[in-house]
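A.B. asks: Supplied in structure tokens, the structure appears directly below.
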Amino acid sequence: MQSVVRELSKKKTIGLVPTMGFLHDGHVSLIQKALKHSDIVITTIFVNPAQFAPNEDLDRYPRDEKGDIEKIKSAGGKIVFIPKASDIYPDNYQTYVEVGDLSQTLEGASRPSHFKGVTTIVAKLFNITRPDVVVFGLKDYQQAMVLKKMTHDLNYPIKFIIAPTVREKDGLAMSSRNKYFSPKQRPESLALYFALKTAKEMVKSDIKDTSQIKKEMKAVIQATCPTAQIDYIAFTDFNSLDPVKKIVKNTICSLAVRIHAVRLIDNMKLL
Ligand code: PAF
């Protein structure tokens, strides 16, 4: 990959879309976005063991390499990089990249080693593919902010683009993990989207108190999925991730909820 990139970059600008595979239309939109900002796009497929805790779903994470390659081709992607775990983390691997405060809250608080794994693999993918442009999805909002910070702090000369969340027709944010739901469970996965829409409506009708909004969101989640387990509902400033008590401009609401043992995350800018 490094020698391919060395040749390629003499003539073309390179876009990068890192993924863990099992691609959906959200990933396709990232590839298309990257193509608008670069001559050729490299999509990487790597289910990164370093970002999964031992009790998480690494072993059952859905995979479909053949289908992924078809989707990448039809989106206009020309290069796919699918490294083996032993190539990325050979025996005696010892080097990790970590972002400070930004990676400690929300997802970082619930999944303590997660972002260390994400920043390490993405730094390695940057070093291997040397992109001019990289595109990440807003669906993983905190991940995007943490990676943006890493890109800036480590002086990577890369244009960093965050692309909008792509949703199913009914509002469910696209995610490879949606595959885990049985048809019977699937309607209950809308709990997060319904709660976020409720928050947005409340803000529109001038309710700005986050504890009032949170109470209503919890009720919507329980009504949509009575067995749901809320991990967090947080209101933060979009850029700093600092908590917000009263909704002001640039407040984003993020939440993580377990629906039938599937941990989903979603977010929405409220103002
Ligand atoms: O968002 C993902 O799919 C992963 O966290 C990423 C960015 C590809 C790193 O493994």
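Identifiers in the structure tokens: chain A, B, ... in order shown; residue index from 1 per chain; ligand index from 1 in order shown.
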Name the residues, by chain letter and number, that sit within 10 Å of ligand 1 using only C-alpha atoms and all ligand atoms, and give them as a PyMOL selection string.

C.D. replies: chain A and resi 17-23+27+43-52+114-115+117-123+125+135-141+143-144+147+175-176

A.B. asks: Please, which residues of segment 50-182 of chain A, numbered as in this document, come out alpha helix (DSSP H) from DSSP, as a PyMOL selection string?

C.D. replies: chain A and resi 65-75+85-88+106-110+114-129+141-153

A.B. asks: Find the residues around Ile40 of chain A up to 10 Å (only C-alpha atoms counted), leave out those fewer than 3 positions away in its own chain, and share them as number ranges by chain.

C.D. replies: A: 8-9, 12-16, 31, 34-37, 43, 76-79, 131

A.B. asks: Would you pick out the contacts of Tyr156 of chain A at 9 Å or less, using only C-alpha atoms, so that residues sharing its chain but fewer than 4 positions from it are not included, and give the list as an MDAnalysis selection string?

C.D. replies: chainID A and resid 126 130 150:152

A.B. asks: Among segment 34-239 of chain A, which residues carry a DSSP assignment of strand (DSSP E or B), reported as number ranges by chain?

C.D. replies: A: 40-45, 79-81, 133-137, 159-163, 167, 173, 209, 229-237

A.B. asks: Write to file, as a compact mmCIF listing (two decimals), in the first residue's frame, the residues of the selection just made, with N, CA, C and O atoms.

C.D. replies:
# COMPACT_ATOMS: atom_id res chain seq x y z
N ILE A 40 -8.55 10.48 -6.27
CA ILE A 40 -8.74 9.03 -6.13
C ILE A 40 -8.96 8.70 -4.66
O ILE A 40 -8.33 9.31 -3.79
N VAL A 41 -9.88 7.76 -4.41
CA VAL A 41 -10.23 7.49 -3.01
C VAL A 41 -9.80 6.08 -2.60
O VAL A 41 -10.05 5.11 -3.32
N ILE A 42 -9.14 6.00 -1.47
CA ILE A 42 -8.79 4.71 -0.87
C ILE A 42 -9.80 4.44 0.25
O ILE A 42 -10.00 5.28 1.13
N THR A 43 -10.47 3.30 0.17
CA THR A 43 -11.35 2.89 1.27
C THR A 43 -10.62 1.77 2.02
O THR A 43 -10.10 0.85 1.39
N THR A 44 -10.57 1.88 3.33
CA THR A 44 -9.93 0.80 4.08
C THR A 44 -11.01 0.00 4.81
O THR A 44 -12.02 0.56 5.26
N ILE A 45 -10.80 -1.29 4.87
CA ILE A 45 -11.71 -2.18 5.61
C ILE A 45 -10.86 -2.91 6.65
O ILE A 45 -9.97 -3.68 6.29
N ILE A 79 -9.58 2.13 -4.94
CA ILE A 79 -8.60 1.32 -4.19
C ILE A 79 -9.21 0.90 -2.85
O ILE A 79 -9.80 1.72 -2.14
N VAL A 80 -9.06 -0.39 -2.55
CA VAL A 80 -9.52 -0.90 -1.25
C VAL A 80 -8.32 -1.50 -0.54
O VAL A 80 -7.58 -2.28 -1.13
N PHE A 81 -8.14 -1.12 0.71
CA PHE A 81 -7.02 -1.64 1.50
C PHE A 81 -7.60 -2.48 2.63
O PHE A 81 -8.36 -1.97 3.46
N VAL A 133 -7.08 14.20 1.87
CA VAL A 133 -8.41 14.47 2.41
C VAL A 133 -8.91 13.22 3.12
O VAL A 133 -8.67 12.10 2.64
N VAL A 134 -9.60 13.41 4.24
CA VAL A 134 -10.22 12.25 4.89
C VAL A 134 -11.66 12.60 5.24
O VAL A 134 -11.97 13.75 5.52
N VAL A 135 -12.54 11.61 5.15
CA VAL A 135 -13.96 11.87 5.46
C VAL A 135 -14.45 10.89 6.51
O VAL A 135 -14.30 9.68 6.37
N PHE A 136 -15.05 11.45 7.57
CA PHE A 136 -15.69 10.65 8.61
C PHE A 136 -17.15 11.09 8.74
O PHE A 136 -17.49 12.22 8.39
N GLY A 137 -17.99 10.21 9.28
CA GLY A 137 -19.41 10.51 9.40
C GLY A 137 -19.76 11.17 10.73
O GLY A 137 -19.16 10.85 11.76
N LYS A 159 -6.93 17.51 4.88
CA LYS A 159 -8.20 18.22 4.99
C LYS A 159 -9.20 17.27 5.64
O LYS A 159 -9.39 16.15 5.16
N PHE A 160 -9.80 17.72 6.72
CA PHE A 160 -10.65 16.84 7.53
C PHE A 160 -12.12 17.19 7.31
O PHE A 160 -12.57 18.28 7.62
N ILE A 161 -12.87 16.25 6.74
CA ILE A 161 -14.28 16.53 6.42
C ILE A 161 -15.19 15.64 7.27
O ILE A 161 -14.96 14.43 7.39
N ILE A 162 -16.23 16.27 7.84
CA ILE A 162 -17.24 15.49 8.58
C ILE A 162 -18.52 15.53 7.74
O ILE A 162 -19.05 16.61 7.45
N ALA A 163 -19.00 14.36 7.35
CA ALA A 163 -20.17 14.29 6.47
C ALA A 163 -21.43 13.96 7.28
O ALA A 163 -21.36 13.27 8.30
N ARG A 167 -29.67 8.45 7.14
CA ARG A 167 -30.69 7.72 7.90
C ARG A 167 -31.54 6.83 6.99
O ARG A 167 -31.71 7.13 5.81
N ALA A 173 -30.52 5.95 12.20
CA ALA A 173 -29.20 6.28 11.64
C ALA A 173 -28.56 4.99 11.11
O ALA A 173 -28.57 3.97 11.81
N ASP A 209 -34.25 24.19 28.80
CA ASP A 209 -33.68 23.56 29.98
C ASP A 209 -33.39 22.07 29.69
O ASP A 209 -34.30 21.28 29.41
N GLN A 229 -32.05 0.29 27.71
CA GLN A 229 -31.18 0.72 28.82
C GLN A 229 -30.39 1.92 28.32
O GLN A 229 -29.58 1.81 27.38
N ILE A 230 -30.65 3.06 28.97
CA ILE A 230 -29.98 4.29 28.53
C ILE A 230 -28.59 4.35 29.15
O ILE A 230 -28.45 4.26 30.37
N ASP A 231 -27.60 4.48 28.30
CA ASP A 231 -26.23 4.61 28.79
C ASP A 231 -25.98 6.08 29.15
O ASP A 231 -25.62 6.41 30.27
N TYR A 232 -26.22 6.99 28.20
CA TYR A 232 -26.18 8.42 28.51
C TYR A 232 -27.02 9.21 27.52
O TYR A 232 -27.25 8.77 26.39
N ILE A 233 -27.48 10.37 27.99
CA ILE A 233 -28.06 11.39 27.11
C ILE A 233 -27.30 12.65 27.49
O ILE A 233 -27.33 13.06 28.66
N ALA A 234 -26.58 13.24 26.56
CA ALA A 234 -25.72 14.37 26.92
C ALA A 234 -25.96 15.56 26.00
O ALA A 234 -26.21 15.40 24.80
N PHE A 235 -25.86 16.75 26.59
CA PHE A 235 -25.99 17.99 25.83
C PHE A 235 -24.64 18.69 25.94
O PHE A 235 -24.19 19.00 27.06
N THR A 236 -23.99 18.92 24.82
CA THR A 236 -22.65 19.50 24.87
C THR A 236 -22.48 20.55 23.77
O THR A 236 -23.25 20.58 22.80
N ASP A 237 -21.43 21.34 23.94
CA ASP A 237 -21.06 22.25 22.87
C ASP A 237 -20.48 21.40 21.73
O ASP A 237 -19.71 20.47 21.97

A.B. asks: In Å, with one decimal, what is the gap from atom CA of Asn250 of chain A to atom CA of Ala109 of chain A?

C.D. replies: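 About the pair atom CA of Asn250 of chain A and atom CA of Ala109 of chain A: they are 22.2 Å apart.
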
A.B. asks: Counting only C-alpha atoms, what are the residues of segment 48-90 of chain A within 12 Å of segment 253-267 of chain A, and for each of them which pair of atoms is the nearest and at what distance in Å, to one decimal? Sort the table by chain and rising number, as a Markdown table.

C.D. replies:
| residue | atom | partner | partner_atom | distance |
| --- | --- | --- | --- | --- |
| A:Glu56 | CA | A:Arg263 | CA | 9.8 |
| A:Asp57 | CA | A:Val262 | CA | 9.4 |
| A:Arg60 | CA | A:Val262 | CA | 11.9 |
| A:Tyr61 | CA | A:Val262 | CA | 11.5 |

A.B. asks: If you count only C-alpha atoms, which residues fall within 9 Å of segment 213-223 of chain A, apart from same-chain ones fewer than 3 positions away, as a VMD selection string?

C.D. replies: chain A and resid 188 190 to 192 194 to 199 202 to 203 207 to 210 226 to 230 233 to 234 257

A.B. asks: Please save C-alpha atoms of the selected residues as a PDB file, in the first residue's frame.

C.D. replies:
ATOM      1  CA  GLU A 188     -37.834  -0.358  18.785  1.00  0.00           C
ATOM      2  CA  LEU A 190     -36.178   4.045  16.519  1.00  0.00           C
ATOM      3  CA  ALA A 191     -36.213   5.055  20.194  1.00  0.00           C
ATOM      4  CA  LEU A 192     -33.053   7.159  19.786  1.00  0.00           C
ATOM      5  CA  PHE A 194     -37.714   9.676  18.263  1.00  0.00           C
ATOM      6  CA  ALA A 195     -36.050  11.023  21.420  1.00  0.00           C
ATOM      7  CA  LEU A 196     -33.775  13.328  19.425  1.00  0.00           C
ATOM      8  CA  LYS A 197     -36.724  14.584  17.363  1.00  0.00           C
ATOM      9  CA  THR A 198     -38.610  15.290  20.574  1.00  0.00           C
ATOM     10  CA  ALA A 199     -35.638  17.294  21.875  1.00  0.00           C
ATOM     11  CA  MET A 202     -38.965  21.160  22.408  1.00  0.00           C
ATOM     12  CA  VAL A 203     -36.105  23.520  21.557  1.00  0.00           C
ATOM     13  CA  ILE A 207     -37.824  24.987  25.936  1.00  0.00           C
ATOM     14  CA  LYS A 208     -34.097  25.308  26.648  1.00  0.00           C
ATOM     15  CA  ASP A 209     -33.685  23.556  29.984  1.00  0.00           C
ATOM     16  CA  THR A 210     -31.741  20.335  29.360  1.00  0.00           C
ATOM     17  CA  PRO A 226     -39.742  -0.652  27.253  1.00  0.00           C
ATOM     18  CA  THR A 227     -36.585  -2.745  27.832  1.00  0.00           C
ATOM     19  CA  ALA A 228     -34.184  -0.027  26.610  1.00  0.00           C
ATOM     20  CA  GLN A 229     -31.176   0.718  28.818  1.00  0.00           C
ATOM     21  CA  ILE A 230     -29.983   4.289  28.528  1.00  0.00           C
ATOM     22  CA  ILE A 233     -28.063  11.391  27.111  1.00  0.00           C
ATOM     23  CA  ALA A 234     -25.721  14.374  26.915  1.00  0.00           C
ATOM     24  CA  VAL A 257     -28.901   3.362  24.349  1.00  0.00           C
TER      25      VAL A 257
END

A.B. asks: Could you check the closest approach to Lys204 of chain A for each of A:Lys269, A:Gly100, A:Ala85, A:Arg63 and tell me which residue wins, using only C-alpha atoms?

C.D. replies: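 Residue with the minimum atom-to-atom distance to Lys204 of chain A: A:Lys269.
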
A.B. asks: Hey, which of A:Pro90, A:Gly67, A:Pro112, A:Pro187 ends up closest to Ala53 of chain A? Count only C-alpha atoms.

C.D. replies: A:Pro112
